[in-house]
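See below for input21.cif, which holds mmCIF, C-alpha atoms.
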data_start
#
loop_
_atom_site.label_atom_id
_atom_site.label_comp_id
_atom_site.auth_asym_id
_atom_site.auth_seq_id
_atom_site.Cartn_x
_atom_site.Cartn_y
_atom_site.Cartn_z
CA MET A 951 -9.53 5.64 0.96
CA LYS A 952 -6.61 7.14 2.86
CA SER A 953 -3.58 8.23 0.89
CA GLU A 954 -1.31 5.84 2.82
CA PHE A 955 -2.92 2.90 1.05
CA TYR A 956 -1.58 3.99 -2.32
CA ASP A 957 2.04 3.83 -1.18
CA LYS A 958 3.34 0.25 -1.10
CA LYS A 959 5.90 1.04 1.60
CA LYS A 960 3.28 2.70 3.80
CA ARG A 961 0.90 -0.25 3.36
CA ALA A 962 3.61 -2.62 4.60
CA HIS A 963 4.42 -0.25 7.46
CA ILE A 964 0.78 -0.24 8.63
CA TYR A 965 0.70 -4.03 8.84
CA ARG A 966 4.04 -4.12 10.71
CA SER A 967 2.85 -1.43 13.14
CA ILE A 968 -0.29 -3.39 14.03
CA TYR A 969 1.71 -6.55 14.60
CA THR A 970 4.38 -4.75 16.66
CA TYR A 971 1.74 -3.06 18.80
CA LYS A 972 0.12 -6.41 19.58
CA ILE A 973 3.44 -8.05 20.48
CA VAL A 974 4.43 -5.16 22.77
CA THR A 975 1.03 -5.31 24.46
CA LEU A 976 1.36 -9.02 25.09
CA CYS A 977 4.89 -8.58 26.49
CA VAL A 978 3.66 -5.92 28.90
CA ILE A 979 0.84 -8.17 30.09
CA LEU A 980 3.28 -11.04 30.52
CA ALA A 981 5.63 -8.84 32.55
CA LEU A 982 2.76 -7.73 34.78
CA ASN A 983 1.83 -11.37 35.38
CA PHE A 984 5.38 -12.19 36.47
CA ILE A 985 5.35 -9.19 38.80
CA LEU A 986 2.06 -10.33 40.33
CA ALA A 987 3.46 -13.83 40.66
CA GLY A 988 6.47 -12.40 42.47
CA PHE A 989 4.25 -10.58 44.93
CA PHE A 990 2.33 -13.81 45.43
CA PHE A 991 5.50 -15.74 46.31
CA LYS A 992 6.57 -13.06 48.76
CA ASN A 993 3.21 -13.24 50.51
CA VAL A 994 2.55 -16.94 50.18
CA ASP A 995 1.51 -17.21 53.81
CA LEU A 996 -1.57 -15.15 52.98
CA TYR A 997 -2.58 -17.85 50.53
CA TYR A 998 -2.82 -20.43 53.28
CA ILE A 999 -4.51 -18.03 55.65
CA TYR A 1000 -7.33 -17.13 53.27
CA SER A 1001 -7.56 -20.41 51.39
CA ASP A 1002 -8.62 -23.82 52.61
CA SER A 1003 -7.31 -25.42 49.43
CA LEU A 1004 -4.86 -28.25 49.77
CA THR A 1005 -3.39 -27.49 46.34
CA PRO A 1006 0.21 -26.20 46.62
CA TYR A 1007 0.52 -22.52 45.78
CA TYR A 1008 3.18 -23.09 43.12
CA THR A 1009 0.77 -25.38 41.25
CA ILE A 1010 -1.76 -22.56 41.12
CA VAL A 1011 0.83 -20.09 39.84
CA GLY A 1012 2.23 -22.58 37.32
CA LEU A 1013 -1.20 -23.41 35.97
CA ARG A 1014 -2.01 -19.74 35.61
CA LEU A 1015 1.22 -19.00 33.73
CA THR A 1016 0.70 -22.02 31.49
CA ILE A 1017 -2.78 -20.88 30.55
CA PHE A 1018 -1.53 -17.35 29.95
CA ILE A 1019 1.38 -18.43 27.74
CA ALA A 1020 -0.94 -20.71 25.77
CA SER A 1021 -3.31 -17.77 25.24
CA ILE A 1022 -0.40 -15.66 23.95
CA ILE A 1023 0.57 -18.33 21.43
CA ILE A 1024 -3.01 -18.66 20.23
CA ASP A 1025 -3.35 -14.86 20.06
CA ILE A 1026 -0.21 -14.51 17.95
CA TYR A 1027 -1.35 -17.29 15.62
CA ILE A 1028 -4.75 -15.65 15.15
CA LEU A 1029 -3.09 -12.28 14.59
CA LYS A 1030 -0.80 -13.65 11.88
CA ARG A 1031 -3.66 -15.41 10.14
CA THR A 1032 -5.81 -12.27 10.34
CA ALA A 1033 -3.03 -10.09 8.91
CA SER A 1034 -2.47 -12.57 6.10
CA LEU A 1035 -6.19 -12.67 5.32
CA GLU A 1036 -6.41 -8.87 5.41
CA LYS A 1037 -3.57 -8.58 2.90
CA ARG A 1038 -5.24 -11.03 0.54
CA LEU A 1039 -8.60 -9.28 0.82
CA SER A 1040 -6.97 -5.89 0.22
CA ALA A 1041 -5.21 -7.28 -2.82
CA LEU A 1042 -8.43 -8.73 -4.21
CA ALA A 1043 -10.45 -5.58 -3.57
CA PHE A 1044 -8.07 -2.75 -4.33
CA LEU A 1045 -4.89 -4.00 -6.03
CA ASP A 1046 -4.31 -5.07 -9.59
CA LYS A 1047 -3.31 -8.74 -9.61
CA LEU A 1048 -0.64 -8.42 -12.31
CA THR A 1049 1.11 -5.25 -11.20
CA GLY A 1050 0.28 -4.76 -7.51
CA LEU A 1051 -0.81 -1.19 -8.30
CA PRO A 1052 -4.16 0.22 -7.15
CA ASN A 1053 -6.74 -1.15 -9.62
CA ARG A 1054 -9.60 0.56 -11.43
CA TYR A 1055 -11.93 0.35 -8.42
CA SER A 1056 -9.26 1.78 -6.15
CA CYS A 1057 -8.52 4.56 -8.65
CA ASP A 1058 -12.21 5.43 -8.80
CA LEU A 1059 -12.34 5.77 -5.01
CA LEU A 1060 -9.28 7.98 -5.03
CA ILE A 1061 -10.60 10.16 -7.84
CA GLN A 1062 -13.92 10.63 -6.04
CA GLY A 1063 -11.99 12.09 -3.12
CA TYR A 1064 -11.12 15.13 -5.22
CA ASN A 1065 -14.74 16.12 -5.80
CA ASP A 1066 -15.32 19.43 -4.01
CA SER A 1067 -11.76 19.29 -2.67
CA PRO A 1068 -9.48 22.35 -2.48
CA LYS A 1069 -6.66 20.07 -3.70
CA LEU A 1070 -8.30 19.95 -7.12
CA GLN A 1071 -7.21 23.51 -7.85
CA ASN A 1072 -3.52 22.57 -8.14
CA LEU A 1073 -3.90 18.95 -9.17
CA GLY A 1074 -1.73 17.47 -11.89
CA PHE A 1075 -2.96 14.50 -13.93
CA ILE A 1076 -0.93 12.26 -16.25
CA LEU A 1077 -2.33 9.44 -18.36
CA MET A 1078 0.14 6.91 -19.77
CA GLN A 1079 0.02 4.02 -22.21
CA LEU A 1080 2.53 1.50 -23.57
CA ASN A 1081 2.63 2.23 -27.30
CA ASN A 1082 4.01 -1.13 -28.38
CA LEU A 1083 1.91 -3.34 -26.09
CA LYS A 1084 -0.53 -4.35 -28.83
CA ASP A 1085 2.31 -5.34 -31.19
CA ILE A 1086 4.01 -7.39 -28.47
CA ASN A 1087 0.79 -9.19 -27.57
CA SER A 1088 0.12 -10.12 -31.20
CA GLY A 1089 3.73 -10.88 -32.11
CA SER A 1090 5.28 -12.44 -28.99
CA GLY A 1091 2.19 -13.40 -27.01
CA HIS A 1092 0.35 -12.05 -23.99
CA LYS A 1093 2.95 -13.44 -21.60
CA ASP A 1094 5.58 -11.04 -22.94
CA GLY A 1095 3.00 -8.27 -22.95
CA ASN A 1096 2.17 -8.92 -19.30
CA ASN A 1097 5.87 -8.95 -18.44
CA LEU A 1098 6.27 -5.54 -20.04
CA ILE A 1099 3.26 -4.20 -18.12
CA ALA A 1100 4.66 -5.56 -14.85
CA GLU A 1101 8.13 -4.09 -15.49
CA PHE A 1102 6.72 -0.69 -16.42
CA SER A 1103 4.41 -0.68 -13.39
CA SER A 1104 7.32 -1.43 -11.09
CA ILE A 1105 9.33 1.47 -12.49
CA LEU A 1106 6.31 3.79 -12.48
CA GLU A 1107 5.47 3.06 -8.85
CA ASP A 1108 9.10 3.32 -7.73
CA VAL A 1109 9.46 6.77 -9.31
CA GLY A 1110 5.93 7.93 -8.59
CA ASN A 1111 5.99 7.24 -4.84
CA ASP A 1112 8.07 10.39 -4.38
CA TYR A 1113 5.59 12.51 -6.32
CA GLY A 1114 2.00 11.34 -5.94
CA TYR A 1115 -0.45 8.49 -6.52
CA ILE A 1116 -0.04 5.81 -9.17
CA GLY A 1117 -2.71 3.42 -10.44
CA ARG A 1118 -3.57 1.05 -13.26
CA ASN A 1119 -6.95 2.16 -14.52
CA GLY A 1120 -7.50 -1.08 -16.42
CA GLY A 1121 -5.84 -2.56 -19.50
CA ASN A 1122 -3.17 -0.29 -20.94
CA GLU A 1123 -4.03 2.80 -18.90
CA PHE A 1124 -1.87 4.10 -16.08
CA ILE A 1125 -2.74 7.25 -14.16
CA VAL A 1126 -0.64 9.58 -12.04
CA LEU A 1127 -2.18 12.18 -9.71
CA LEU A 1128 0.10 14.89 -8.34
CA GLU A 1129 -1.08 17.27 -5.61
CA ASP A 1130 0.25 20.84 -5.32
CA CYS A 1131 1.54 20.37 -8.83
CA ASP A 1132 3.13 22.94 -11.12
CA ASN A 1133 5.15 22.71 -14.34
CA THR A 1134 8.36 22.08 -12.43
CA LYS A 1135 6.99 19.16 -10.44
CA ILE A 1136 5.36 17.43 -13.38
CA ASP A 1137 8.46 17.91 -15.57
CA MET A 1138 10.72 16.54 -12.82
CA PHE A 1139 8.54 13.44 -12.54
CA LEU A 1140 8.58 12.87 -16.30
CA MET A 1141 12.34 13.40 -16.41
CA ASP A 1142 12.98 10.88 -13.61
CA LEU A 1143 10.67 8.36 -15.24
CA THR A 1144 12.35 8.84 -18.61
CA LYS A 1145 15.77 8.15 -17.11
CA ARG A 1146 14.55 4.92 -15.55
CA ILE A 1147 12.93 3.76 -18.79
CA HIS A 1148 16.10 4.55 -20.76
CA GLY A 1149 18.09 2.55 -18.24
CA TYR A 1150 15.72 -0.39 -18.64
CA ASN A 1151 15.84 -0.26 -22.44
CA GLU A 1152 19.64 -0.05 -22.50
CA LEU A 1153 19.84 -3.39 -20.68
CA TYR A 1154 18.00 -5.08 -23.58
CA VAL A 1155 15.85 -7.04 -21.17
CA GLY A 1156 12.87 -8.23 -23.17
CA ALA A 1157 10.86 -5.83 -25.29
CA PRO A 1158 11.65 -2.09 -25.05
CA MET A 1159 9.29 0.30 -23.32
CA GLU A 1160 7.66 2.83 -25.60
CA VAL A 1161 5.45 5.15 -23.56
CA SER A 1162 3.04 7.85 -24.66
CA TYR A 1163 1.32 10.23 -22.28
CA SER A 1164 -0.84 13.28 -21.83
CA LYS A 1165 -0.79 15.74 -18.96
CA VAL A 1166 -3.19 18.22 -17.43
CA LEU A 1167 -2.28 20.98 -14.98
CA ASN A 1168 -5.47 22.22 -13.39
CA SER A 1169 -3.71 25.34 -12.14
CA LEU A 1170 -3.77 26.33 -15.82
CA GLU A 1171 -7.13 24.81 -16.80
CA HIS A 1172 -9.14 25.94 -13.73
CA MET A 1173 -11.67 23.10 -13.91
CA ASP A 1174 -14.19 22.59 -11.13
CA LYS A 1175 -14.69 18.84 -11.56
CA ILE A 1176 -12.16 16.03 -11.41
CA THR A 1177 -14.06 14.26 -14.20
CA ASP A 1178 -13.36 17.23 -16.50
CA VAL A 1179 -9.65 17.01 -15.71
CA LEU A 1180 -9.59 13.31 -16.55
CA SER A 1181 -11.65 13.78 -19.71
CA LEU A 1182 -9.19 16.37 -20.99
CA GLY A 1183 -6.30 14.00 -20.33
CA TYR A 1184 -8.00 11.19 -22.26
CA ARG A 1185 -8.85 13.50 -25.13
CA ARG A 1186 -5.27 14.74 -25.38
CA ILE A 1187 -3.69 11.28 -25.42
CA HIS A 1188 -5.91 10.32 -28.36
CA GLU A 1189 -5.54 13.58 -30.28
CA ILE A 1190 -2.01 14.81 -29.44
CA PRO A 1191 -0.11 12.12 -27.50
CA GLN A 1192 3.35 12.98 -26.24
CA ILE A 1193 6.22 10.47 -26.20
CA LEU A 1194 8.70 9.88 -23.42
CA SER A 1195 12.10 10.24 -25.04
#
Would you mind writing the file out in structure tokens?
Amino acid sequence: MKSEFYDKKKRAHIYRSIYTYKIVTLCVILALNFILAGFFFKNVDLYYIYSDSLTPYYTIVGLRLTIFIASIIIDIYILKRTASLEKRLSALAFLDKLTGLPNRYSCDLLIQGYNDSPKLQNLGFILMQLNNLKDINSGSGHKDGNNLIAEFSSILEDVGNDYGYIGRNGGNEFIVLLEDCDNTKIDMFLMDLTKRIHGYNELYVGAPMEVSYSKVLNSLEHMDKITDVLSLGYRRIHEIPQILS
């Protein structure tokens, strides 16, 4: 998986780029056809010299342009349908339906990319959970719980896009992977996220967000396997969870 996939803005840009490229290509081909038609009109006498056809030359040109324009319309229609289908397939395969974040399968593919990678040396890993999600699900219902997950995911992705890769690793688990990470970078991310969560809670929109987390800086731990980094993060959030406050 390329890193561009994990950024929502970059995913949208890729689709727009493909569509724009196709439109520009079709416009160029159309322009070339008009140029060729112009040359044909200027040298129409050659048509009658080398052709025994009784069909008027402008009928030939008009028919050709009609067929070409029809092919453009069909091409654009197919392109739009293909792009729409590709988005749906990508969403089904790699994106979490509720949040739009990379799902567990997508996270696994990303994590595998750090095996035997020099980026692992300075990788930062954060594991997050919503502390009050279980209480909200049992007290207010799963609809309110899902709303809280969706709101938190939106904030997390919006903040995290400037720092690294964000994913929902199933259920109430959210992961953040930061490359070239040190204490300053990871603290800046947590500070920005905390500000956004405080802003959300101050608006009294639905249930408040209560977030716990654990963090691992591999520049301090010096682990050789990404699975060891993740295991340490999971162990810390169960044994000594930290609270965003």
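Note that atom CA of A:Val1126 and atom CA of A:Ile1076 are 5.0 Å apart.
Compared by their closest atoms to A:Met1141, and using all atoms listed in the file, the residues A:Val1109, A:Asp1058, A:Gly1183, A:Ile1099 rank with A:Val1109 nearest.
Coordinates place atom CA of A:Leu1070 at a distance of 7.0 Å from atom CA of A:Ile1176.
Here the question is which of A:Ser1067, A:Asn1133, A:Ser1104, A:Asn1168 gets nearest to A:Ile1147 using only C-alpha atoms, and that residue is A:Ser1104.
Distances to A:Arg1054 were evaluated for A:Glu1171, A:Asp1085, A:Glu1123, A:Asp1178 using all atoms listed in the file, and the minimum falls at A:Glu1123.
Between A:Ser1169 and the residues A:Leu1128, A:Ile1187, A:Leu1073, A:Leu1080, the shortest atom-to-atom distance, using all atoms listed in the file, involves A:Leu1073.
Reported to one decimal place, the separation of atom CA of A:Cys1057 from atom CA of A:Leu1045 is 9.7 Å.
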Which residues fall under the PyMOL selection byres ((chain A and resi 1052) around 9) in this file, as a compact mmCIF listing (two decimals) with C-alpha atoms, in the frame of the given file?
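Result file out_18.txt:
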# COMPACT_ATOMS: atom_id res chain seq x y z
CA PHE A 955 -2.92 2.90 1.05
CA TYR A 956 -1.58 3.99 -2.32
CA ALA A 1041 -5.21 -7.28 -2.82
CA PHE A 1044 -8.07 -2.75 -4.33
CA LEU A 1045 -4.89 -4.00 -6.03
CA ASP A 1046 -4.31 -5.07 -9.59
CA THR A 1049 1.11 -5.25 -11.20
CA GLY A 1050 0.28 -4.76 -7.51
CA LEU A 1051 -0.81 -1.19 -8.30
CA ASN A 1053 -6.74 -1.15 -9.62
CA ARG A 1054 -9.60 0.56 -11.43
CA TYR A 1055 -11.93 0.35 -8.42
CA SER A 1056 -9.26 1.78 -6.15
CA CYS A 1057 -8.52 4.56 -8.65
CA ILE A 1116 -0.04 5.81 -9.17
CA GLY A 1117 -2.71 3.42 -10.44
CA ARG A 1118 -3.57 1.05 -13.26
CA ASN A 1119 -6.95 2.16 -14.52
